[in-house]
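Remarks on the structure that follows.
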Amino acid sequence: MVVYIKTYGCQMNERDSEAIGARLIASGHRLTCDETEADALLFNTCSVRDAAERKAKGKISYLKKLKDRNPELVIGAVGCMAQRLGEKLLDEIPHLDFVVGTGQLHRIVGILEQVRRDRKRICSTEESADVLTGMGDHAAAGGAFGQIAITRGCNRFCSYCIVPYVRGREISRSESDVVDEAKRLVDGGVREILLLGQNVAAYGLNGNTRPPEENVSPFGELLEKLNAIDGLLRIRYTSPYVTYFSDRLIAALRDCEKVCRNIHLPVQSGSDRILKAMNRQYTAQDYLRYVDKLRAALPGVTFSTDVIVGFPDETDEDFAMTRDLLNRVGYSQSFIFKYSPRPGARSAQRPDSVPASVKEERNQILLGDLAARVEKMLADQVGSTVEVLAEGVSRRNENRWTGRTDSNFVVHFEPRDGLKEGDLIKIRIRRAGSVSLFGEIE
Ligand code: SAH
Ligand code: SF4
Ligand code: F3S
């Protein structure tokens with residue numbers, strides 16, 4: 001079969017799609033980027049905001065015309081929205097052949113082959129721990145960048161969030177599993193590994209929702225093991241929940257030279273009242289204390305974050321506190337989301353009281369602050385020399401390559417002969433753009 005896969009949502013979904021693709025190839029199928037030549041179209045969907053669901057549904061509905069032309073074509077929805085809606089999605093979209101949830105992704109090849117053969121519609125959304133290992137050891141070969149999902153699911157139940165409902169309870173892969181997969185990736189040429197989880201810092205805590213004691217952090221121990229792998233140059237991770245930064249974990253971050261000094265630390269809001277309503281288990285003060293601690297232990301560390309604007313009842317005053325916190329921390333990147341009520345999540349029981357226009361206004365204000373801050377952060381680096389892991393030819397200019405610094409700034413530069421993806425090189429920064437840096441190899 002020739003299969004087309006389209007992915008919506010987060011890096012976890014990207015990783016899952018990669019694993020699905022690898023499994024299809026291993027079973028003798030072929031992948032394509034051209035939906036018109038495919039025998040099967042797979043949509044790996046996201047439920048985190050209403051817009052994400054509408055996008056995938058719109059695309060699948062639109063493809064009815066392909067199916068009209070080619071009745072043999074199989075169309076399937078997998079992932080988070082598939083999990084949330086199940087049979088309802090089959091009812092809603094009559095030309096959809098199957099729905100496979102997040103707990104059954106490891107069975108996808110068999111299901112696809114079965115649908116193609118029997119032409120019967122299938123809905124499979126049971127939760128299963130098998131997906132943990134089933135989606136693991138199929139990392140794509142080639143390339144210098146690899147991703148490993150070290151945990152799946154989430155136990156935090158932030159009141160706005162659908163993830164715990166569509167991804168199930170939090171489970172961690174064993175340390176030896178993760179280390180073995182990392183070694184395999186490195187043997188295959190990978191130089192940078194990104195560890196994924198809804199709360200990576202809860203790795204190995206067996207789903208316990210209490211933050212770890214000062215001296216406990218299986219995640220810290222995992223980082224130390226990975227740090228010792230020869231040939232691996234960089235380790236990144238996303239996202240950790242702020243209160244899980246025990247002293248033990250911070251010590252590991254300090255001692256592991258391969259672990260990048262850039263932390264994606266979702267804050268969501270700077271107002272204690274809103275944080276409480278979100279069921280985030282910290283105050284703005286608590287959050288800032290962790291930031292101070294991390295800065296003290298990790299010189300030069302940069303932070304990025306996620307923020308929600310327009311949570312139910314968010315006042316101008318609440319928003320001002322968020323804005324103030326963002327400026328105080330001085331994030332080098334922030335992802336700002338307009339609140340979207342998710343049926344099933346607790347906050348959806350309250351009216352979505354902040355008008356769309358106000359959400360948009362708050363969004364724009366934070367984007368403006370971010371742009372000004374980033375411009376300054378980039379300008380400050382002109383004249384300095386930074387270490388960059390080469391990623392390959394720039395998408396915008398084929399004479400240039402791009403790479404990233406340890407602190408996650410994007411750098412464009414002219415390549416030298418023999419430069420390979422995954423090489424670590426020193427770049428002298430000559431010029432700053434509005435979102436990236438430009439320099440030359442030293
Ligand atoms: N597990 C990650 C976040 C996953 S969802 C973490 O906690 O770090 C990514 C981001 O989407 C969240 O951090 C939040 O800012 C945003 N988000 C989640 N649910 C949302 C909703 N209902 N409306 C708007 N934004 C939402
Ligand atoms: Fe959602 Fe909160 Fe879990 Fe992140 S930690 S996935 S925001 S419930
Ligand atoms: Fe990711 Fe969206 Fe699912 S953000 S975990 S793909 S709901």
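Lettering and numbering for the structure tokens are positional, with chains as A, B, ... in the shown order, residues counted from 1 in each chain, and ligands counted from 1 in the shown order.
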
Could you list, with a cut-off of 6 Å and counting only C-alpha atoms and all ligand atoms, the residues of chain A near ligand 2, each shown with its nearest atom pair and the distance in Å rounded to one decimal, rows sorted by chain and ascending number, as CSV?
```
residue,atom,partner,partner_atom_place_in_ligand_line,distance
A:Cys154,CA,ligand 2,3 (Fe),4.8
A:Arg156,CA,ligand 2,8 (S),4.7
A:Phe157,CA,ligand 2,8 (S),4.0
A:Cys158,CA,ligand 2,8 (S),4.1
A:Cys161,CA,ligand 2,1 (Fe),4.6
A:Val163,CA,ligand 2,6 (S),5.0
A:Pro164,CA,ligand 2,8 (S),5.7
A:Gln198,CA,ligand 2,6 (S),4.9
A:Asn199,CA,ligand 2,5 (S),5.9
```

Dump as a tab-separated table the rows for residues of chain A within 6 Å of ligand 1: closest atom pair and distance in Å with one decimal, only C-alpha atoms and all ligand atoms counted, ordered by chain and rising residue number.
```
residue	atom	partner	partner_atom_place_in_ligand_line	distance
A:Val48	CA	ligand 1	19 (N)	5.1
A:Arg49	CA	ligand 1	21 (C)	5.3
A:Tyr160	CA	ligand 1	22 (N)	4.6
A:Cys161	CA	ligand 1	19 (N)	4.1
A:Gln198	CA	ligand 1	1 (N)	3.5
A:Asn199	CA	ligand 1	1 (N)	5.6
A:Ser239	CA	ligand 1	8 (O)	4.6
A:Pro266	CA	ligand 1	8 (O)	5.2
A:Gln268	CA	ligand 1	15 (O)	5.5
A:Asp306	CA	ligand 1	15 (O)	4.5
A:Val307	CA	ligand 1	15 (O)	4.8
A:Ile308	CA	ligand 1	15 (O)	5.1
A:Phe337	CA	ligand 1	25 (N)	4.8
A:Lys338	CA	ligand 1	24 (C)	5.1
A:Tyr339	CA	ligand 1	24 (C)	3.8
A:Ser340	CA	ligand 1	23 (N)	3.9
A:Pro341	CA	ligand 1	22 (N)	5.1
A:Arg342	CA	ligand 1	22 (N)	5.4
```

Selection within 10 Å of ligand 3 by only C-alpha atoms and all ligand atoms, output as a ChimeraX atom specification
/A:7-14,16,44-49,52-53,79-84,102,152-154,161-168,197-198

How would the residues just chosen look if you wrote them out with N, CA and C atoms as a compact mmCIF listing (two decimals), in the first residue's frame?
```
# COMPACT_ATOMS: atom_id res chain seq x y z
N THR A 7 0.00 15.05 9.92
CA THR A 7 0.02 15.17 11.38
C THR A 7 -0.42 16.54 11.85
N TYR A 8 -1.28 16.58 12.85
CA TYR A 8 -1.67 17.82 13.52
C TYR A 8 -1.16 17.75 14.96
N GLY A 9 -1.07 18.92 15.62
CA GLY A 9 -0.76 18.90 17.05
C GLY A 9 0.70 18.93 17.39
N CYS A 10 1.04 18.31 18.51
CA CYS A 10 2.33 18.54 19.15
C CYS A 10 3.41 17.57 18.67
N GLN A 11 4.59 17.70 19.26
CA GLN A 11 5.73 16.86 18.90
C GLN A 11 5.48 15.39 19.20
N MET A 12 4.65 15.14 20.22
CA MET A 12 4.32 13.75 20.53
C MET A 12 3.61 13.12 19.34
N ASN A 13 2.72 13.89 18.74
CA ASN A 13 2.03 13.38 17.55
C ASN A 13 3.00 13.20 16.38
N GLU A 14 3.93 14.14 16.22
CA GLU A 14 4.94 14.00 15.16
C GLU A 14 5.72 12.70 15.35
N ASP A 16 4.75 10.05 17.00
CA ASP A 16 3.89 8.91 16.73
C ASP A 16 3.76 8.66 15.24
N ASN A 44 -3.29 12.02 11.66
CA ASN A 44 -2.97 11.92 13.08
C ASN A 44 -3.41 13.23 13.73
N THR A 45 -4.49 13.17 14.49
CA THR A 45 -5.22 14.38 14.87
C THR A 45 -4.91 14.88 16.28
N CYS A 46 -5.34 16.13 16.53
CA CYS A 46 -5.11 16.81 17.81
C CYS A 46 -6.44 17.36 18.32
N SER A 47 -6.59 17.41 19.64
CA SER A 47 -7.83 17.88 20.26
C SER A 47 -7.62 19.07 21.17
N VAL A 48 -6.41 19.59 21.23
CA VAL A 48 -6.08 20.50 22.32
C VAL A 48 -6.88 21.79 22.28
N ARG A 49 -7.18 22.27 21.08
CA ARG A 49 -8.05 23.43 20.92
C ARG A 49 -9.06 23.11 19.82
N ALA A 52 -7.84 23.12 16.24
CA ALA A 52 -7.07 21.95 15.79
C ALA A 52 -8.02 20.87 15.28
N GLU A 53 -9.12 20.70 15.97
CA GLU A 53 -10.09 19.69 15.54
C GLU A 53 -10.75 20.10 14.22
N GLY A 79 -5.08 9.14 16.60
CA GLY A 79 -4.59 10.14 17.55
C GLY A 79 -5.66 10.71 18.45
N CYS A 80 -5.42 11.94 18.93
CA CYS A 80 -6.18 12.50 20.06
C CYS A 80 -7.65 12.80 19.75
N MET A 81 -7.93 13.43 18.59
CA MET A 81 -9.35 13.69 18.28
C MET A 81 -10.07 12.37 18.00
N ALA A 82 -9.38 11.44 17.38
CA ALA A 82 -9.96 10.13 17.12
C ALA A 82 -10.33 9.48 18.46
N GLN A 83 -9.44 9.62 19.44
CA GLN A 83 -9.70 9.07 20.77
C GLN A 83 -10.90 9.75 21.41
N ARG A 84 -10.96 11.09 21.30
CA ARG A 84 -12.02 11.84 21.97
C ARG A 84 -13.39 11.54 21.37
N THR A 102 -5.46 6.85 20.71
CA THR A 102 -4.05 6.93 21.11
C THR A 102 -3.55 5.66 21.80
N ARG A 152 4.11 8.67 28.42
CA ARG A 152 2.87 8.90 27.66
C ARG A 152 1.78 9.24 28.65
N GLY A 153 0.80 10.00 28.18
CA GLY A 153 -0.32 10.33 29.04
C GLY A 153 0.02 11.43 30.03
N CYS A 154 -0.99 11.82 30.82
CA CYS A 154 -0.78 12.88 31.80
C CYS A 154 -1.74 12.70 32.96
N CYS A 161 -7.59 21.40 30.14
CA CYS A 161 -6.84 20.58 29.19
C CYS A 161 -7.48 19.22 28.89
N ILE A 162 -7.51 18.87 27.63
CA ILE A 162 -8.12 17.62 27.18
C ILE A 162 -7.13 16.46 27.18
N VAL A 163 -5.84 16.79 27.25
CA VAL A 163 -4.81 15.76 27.07
C VAL A 163 -4.96 14.54 27.99
N PRO A 164 -5.21 14.75 29.31
CA PRO A 164 -5.34 13.56 30.16
C PRO A 164 -6.49 12.64 29.72
N TYR A 165 -7.50 13.21 29.08
CA TYR A 165 -8.65 12.41 28.65
C TYR A 165 -8.37 11.66 27.35
N VAL A 166 -7.57 12.27 26.49
CA VAL A 166 -7.34 11.62 25.19
C VAL A 166 -6.03 10.83 25.14
N ARG A 167 -5.16 11.09 26.09
CA ARG A 167 -3.87 10.37 26.10
C ARG A 167 -3.78 9.38 27.26
N GLY A 168 -4.78 9.42 28.13
CA GLY A 168 -4.80 8.43 29.22
C GLY A 168 -3.83 8.75 30.34
N GLY A 197 7.42 14.19 26.52
CA GLY A 197 6.41 13.74 27.46
C GLY A 197 5.54 14.93 27.84
N GLN A 198 4.33 14.68 28.29
CA GLN A 198 3.47 15.80 28.72
C GLN A 198 4.05 16.46 29.95
```

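The interatomic distance for the pair CA of Val186 (chain A) and CA of Ser172 (chain A) works out to 21.4 Å.
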
Could you give me, as a PyMOL selection string, the residues within 12 Å of Gly392 (chain A), counting only C-alpha atoms and dropping anything in the same chain fewer than 3 positions from it?
chain A and resi 143-145+388-389+395-404+411-416+418-424

Output the selection as an mmCIF file, in the first residue's frame - N, CA, C and O atoms for each residue.
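Written out: result_16.cif:
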```
data_model
loop_
_atom_site.group_PDB
_atom_site.id
_atom_site.type_symbol
_atom_site.label_atom_id
_atom_site.label_comp_id
_atom_site.auth_asym_id
_atom_site.auth_seq_id
_atom_site.Cartn_x
_atom_site.Cartn_y
_atom_site.Cartn_z
ATOM 1 N N GLY A 143 19.590 11.030 9.438
ATOM 2 C CA GLY A 143 19.380 12.323 10.081
ATOM 3 C C GLY A 143 20.098 12.391 11.410
ATOM 4 O O GLY A 143 20.396 11.369 12.022
ATOM 5 N N ALA A 144 20.363 13.622 11.859
ATOM 6 C CA ALA A 144 21.141 13.808 13.084
ATOM 7 C C ALA A 144 20.257 14.075 14.288
ATOM 8 O O ALA A 144 20.749 14.226 15.398
ATOM 9 N N PHE A 145 18.925 14.144 14.042
ATOM 10 C CA PHE A 145 18.023 14.500 15.140
ATOM 11 C C PHE A 145 17.034 13.376 15.407
ATOM 12 O O PHE A 145 16.399 12.871 14.487
ATOM 13 N N VAL A 388 27.079 25.836 17.397
ATOM 14 C CA VAL A 388 25.835 25.506 16.693
ATOM 15 C C VAL A 388 25.884 24.063 16.209
ATOM 16 O O VAL A 388 26.928 23.602 15.749
ATOM 17 N N LEU A 389 24.791 23.362 16.337
ATOM 18 C CA LEU A 389 24.684 22.015 15.758
ATOM 19 C C LEU A 389 24.029 22.166 14.382
ATOM 20 O O LEU A 389 22.878 22.602 14.292
ATOM 21 N N ARG A 395 15.837 26.685 4.781
ATOM 22 C CA ARG A 395 14.646 26.553 3.951
ATOM 23 C C ARG A 395 14.428 27.796 3.088
ATOM 24 O O ARG A 395 13.805 27.744 2.052
ATOM 25 N N ARG A 396 14.948 28.939 3.585
ATOM 26 C CA ARG A 396 14.668 30.179 2.863
ATOM 27 C C ARG A 396 15.737 30.542 1.838
ATOM 28 O O ARG A 396 15.492 31.290 0.916
ATOM 29 N N ASN A 397 16.965 30.053 2.059
ATOM 30 C CA ASN A 397 18.063 30.444 1.181
ATOM 31 C C ASN A 397 18.974 29.236 1.003
ATOM 32 O O ASN A 397 19.632 28.802 1.938
ATOM 33 N N GLU A 398 19.015 28.714 -0.215
ATOM 34 C CA GLU A 398 19.721 27.434 -0.382
ATOM 35 C C GLU A 398 21.236 27.548 -0.315
ATOM 36 O O GLU A 398 21.932 26.534 -0.302
ATOM 37 N N ASN A 399 21.754 28.790 -0.288
ATOM 38 C CA ASN A 399 23.200 28.955 -0.123
ATOM 39 C C ASN A 399 23.618 28.929 1.344
ATOM 40 O O ASN A 399 24.786 28.970 1.669
ATOM 41 N N ARG A 400 22.620 28.950 2.211
ATOM 42 C CA ARG A 400 22.929 28.971 3.642
ATOM 43 C C ARG A 400 22.493 27.691 4.325
ATOM 44 O O ARG A 400 21.613 26.989 3.861
ATOM 45 N N TRP A 401 23.135 27.444 5.464
ATOM 46 C CA TRP A 401 22.701 26.370 6.355
ATOM 47 C C TRP A 401 22.113 26.993 7.614
ATOM 48 O O TRP A 401 22.325 28.176 7.883
ATOM 49 N N THR A 402 21.363 26.178 8.344
ATOM 50 C CA THR A 402 20.907 26.651 9.652
ATOM 51 C C THR A 402 21.347 25.668 10.731
ATOM 52 O O THR A 402 21.690 24.515 10.465
ATOM 53 N N GLY A 403 21.314 26.185 11.931
ATOM 54 C CA GLY A 403 21.615 25.358 13.098
ATOM 55 C C GLY A 403 21.051 26.058 14.316
ATOM 56 O O GLY A 403 20.469 27.135 14.195
ATOM 57 N N ARG A 404 21.207 25.440 15.461
ATOM 58 C CA ARG A 404 20.708 26.023 16.692
ATOM 59 C C ARG A 404 21.804 26.087 17.741
ATOM 60 O O ARG A 404 22.655 25.192 17.805
ATOM 61 N N VAL A 411 20.501 29.967 13.962
ATOM 62 C CA VAL A 411 21.613 30.700 13.332
ATOM 63 C C VAL A 411 21.729 30.261 11.867
ATOM 64 O O VAL A 411 21.708 29.075 11.566
ATOM 65 N N HIS A 412 21.864 31.239 10.963
ATOM 66 C CA HIS A 412 22.088 30.957 9.538
ATOM 67 C C HIS A 412 23.541 31.275 9.215
ATOM 68 O O HIS A 412 24.076 32.268 9.693
ATOM 69 N N PHE A 413 24.152 30.455 8.374
ATOM 70 C CA PHE A 413 25.570 30.670 8.052
ATOM 71 C C PHE A 413 25.912 30.015 6.722
ATOM 72 O O PHE A 413 25.188 29.130 6.243
ATOM 73 N N GLU A 414 27.031 30.463 6.131
ATOM 74 C CA GLU A 414 27.464 29.829 4.889
ATOM 75 C C GLU A 414 28.244 28.567 5.214
ATOM 76 O O GLU A 414 29.131 28.591 6.057
ATOM 77 N N PRO A 415 27.909 27.452 4.555
ATOM 78 C CA PRO A 415 28.572 26.186 4.905
ATOM 79 C C PRO A 415 30.007 26.154 4.386
ATOM 80 O O PRO A 415 30.361 26.926 3.506
ATOM 81 N N ARG A 416 30.814 25.266 4.933
ATOM 82 C CA ARG A 416 32.125 25.016 4.328
ATOM 83 C C ARG A 416 32.080 23.622 3.715
ATOM 84 O O ARG A 416 31.178 22.834 4.012
ATOM 85 N N GLY A 418 32.324 19.884 2.965
ATOM 86 C CA GLY A 418 32.365 18.706 3.830
ATOM 87 C C GLY A 418 31.514 18.820 5.076
ATOM 88 O O GLY A 418 31.462 17.893 5.877
ATOM 89 N N LEU A 419 30.840 19.951 5.251
ATOM 90 C CA LEU A 419 30.000 20.116 6.438
ATOM 91 C C LEU A 419 28.850 19.112 6.403
ATOM 92 O O LEU A 419 28.214 18.917 5.369
ATOM 93 N N LYS A 420 28.619 18.471 7.538
ATOM 94 C CA LYS A 420 27.547 17.474 7.602
ATOM 95 C C LYS A 420 26.495 17.865 8.630
ATOM 96 O O LYS A 420 26.816 18.520 9.633
ATOM 97 N N GLU A 421 25.270 17.425 8.391
ATOM 98 C CA GLU A 421 24.219 17.565 9.386
ATOM 99 C C GLU A 421 24.695 16.899 10.674
ATOM 100 O O GLU A 421 25.259 15.801 10.637
ATOM 101 N N GLY A 422 24.532 17.608 11.779
ATOM 102 C CA GLY A 422 24.946 17.022 13.058
ATOM 103 C C GLY A 422 26.341 17.414 13.500
ATOM 104 O O GLY A 422 26.770 17.059 14.590
ATOM 105 N N ASP A 423 27.077 18.172 12.639
ATOM 106 C CA ASP A 423 28.394 18.667 13.072
ATOM 107 C C ASP A 423 28.204 19.809 14.058
ATOM 108 O O ASP A 423 27.317 20.652 13.893
ATOM 109 N N LEU A 424 29.069 19.847 15.043
ATOM 110 C CA LEU A 424 29.046 20.942 16.019
ATOM 111 C C LEU A 424 30.120 21.941 15.588
ATOM 112 O O LEU A 424 31.290 21.587 15.470
#
```

For Lys359 (chain A), work out the shell of residues within 12 Å, counting only C-alpha atoms and skipping chain neighbours fewer than 6 positions away, then give it as a list in words.
Val307, Ile308, Val309, Gly310, Phe311, Pro312, Asp313, Glu314, Thr315, Asp316, Phe319, Ile336, Phe337, Lys338, Tyr339, Ser340, Asp352, Ser353, Ile365 and Leu366 of chain A

How would the residues just chosen look if you wrote them out with C-alpha atoms as a PDB file, in the first residue's frame?
```pdb
ATOM      1  CA  VAL A 307       0.503  30.991  28.039  1.00  0.00           C
ATOM      2  CA  ILE A 308      -3.264  30.936  27.799  1.00  0.00           C
ATOM      3  CA  VAL A 309      -5.094  34.243  27.377  1.00  0.00           C
ATOM      4  CA  GLY A 310      -8.810  34.641  28.001  1.00  0.00           C
ATOM      5  CA  PHE A 311      -9.340  31.825  30.510  1.00  0.00           C
ATOM      6  CA  PRO A 312     -12.898  32.169  31.982  1.00  0.00           C
ATOM      7  CA  ASP A 313     -13.145  35.324  34.084  1.00  0.00           C
ATOM      8  CA  GLU A 314      -9.642  36.562  33.279  1.00  0.00           C
ATOM      9  CA  THR A 315      -9.756  40.295  34.087  1.00  0.00           C
ATOM     10  CA  ASP A 316      -7.536  43.101  32.825  1.00  0.00           C
ATOM     11  CA  PHE A 319      -3.813  39.716  32.330  1.00  0.00           C
ATOM     12  CA  ILE A 336       0.442  32.145  23.364  1.00  0.00           C
ATOM     13  CA  PHE A 337      -2.907  30.397  23.072  1.00  0.00           C
ATOM     14  CA  LYS A 338      -6.394  31.814  23.163  1.00  0.00           C
ATOM     15  CA  TYR A 339      -8.491  29.846  25.597  1.00  0.00           C
ATOM     16  CA  SER A 340     -10.686  27.266  23.905  1.00  0.00           C
ATOM     17  CA  ASP A 352     -16.224  31.045  28.061  1.00  0.00           C
ATOM     18  CA  SER A 353     -16.657  34.592  29.343  1.00  0.00           C
ATOM     19  CA  ILE A 365       0.002  42.565  23.306  1.00  0.00           C
ATOM     20  CA  LEU A 366       2.007  39.520  24.385  1.00  0.00           C
TER      21      LEU A 366
END
```

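CA of Val259 (chain A) is found 10.2 Å from CA of Ser407 (chain A).
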
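Considering only C-alpha atoms, the residue among A:Gly204, A:Gly330, A:Gly21, A:Gly368 positioned nearest to His106 (chain A) is A:Gly21.
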
Give me the residues within 8 Å of Ser332 (chain A) as a ChimeraX atom specification, counting only C-alpha atoms and dropping any in the same chain fewer than 6 places off.
/A:302-304,370,373-374,377

Same residues, N, CA and C atoms, output as a PDB file, in the first residue's frame:
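Result written to result-v9.pdb:
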```pdb
ATOM      1  N   THR A 302      18.216  29.804  28.953  1.00  0.00           N
ATOM      2  CA  THR A 302      17.086  30.580  28.429  1.00  0.00           C
ATOM      3  C   THR A 302      15.800  29.793  28.694  1.00  0.00           C
ATOM      4  N   PHE A 303      14.706  30.528  28.736  1.00  0.00           N
ATOM      5  CA  PHE A 303      13.406  29.902  29.012  1.00  0.00           C
ATOM      6  C   PHE A 303      12.433  30.213  27.890  1.00  0.00           C
ATOM      7  N   SER A 304      11.581  29.233  27.624  1.00  0.00           N
ATOM      8  CA  SER A 304      10.430  29.511  26.774  1.00  0.00           C
ATOM      9  C   SER A 304       9.196  29.042  27.536  1.00  0.00           C
ATOM     10  N   LEU A 370       6.927  40.035  23.104  1.00  0.00           N
ATOM     11  CA  LEU A 370       7.869  38.966  22.767  1.00  0.00           C
ATOM     12  C   LEU A 370       8.794  39.408  21.629  1.00  0.00           C
ATOM     13  N   ARG A 373      11.358  41.841  22.786  1.00  0.00           N
ATOM     14  CA  ARG A 373      12.351  41.210  23.674  1.00  0.00           C
ATOM     15  C   ARG A 373      13.324  40.354  22.878  1.00  0.00           C
ATOM     16  N   VAL A 374      12.780  39.564  21.945  1.00  0.00           N
ATOM     17  CA  VAL A 374      13.636  38.669  21.162  1.00  0.00           C
ATOM     18  C   VAL A 374      14.596  39.477  20.295  1.00  0.00           C
ATOM     19  N   MET A 377      17.383  40.415  22.475  1.00  0.00           N
ATOM     20  CA  MET A 377      18.220  39.263  22.845  1.00  0.00           C
ATOM     21  C   MET A 377      19.134  38.860  21.696  1.00  0.00           C
TER      22      MET A 377
END
```

Using only C-alpha atoms, pick whichever of A:Leu232, A:Arg210, A:Gly86, A:Ser128 has the shortest atom-to-atom distance to Gly188 (chain A).
A:Leu232

Leaving out Ala129 (chain A) and any residue of its chain fewer than 4 positions from it, which residues lie within 10 Å of it when counting only C-alpha atoms, given as a PyMOL selection string?
chain A and resi 103-104+133-134+152+168-172
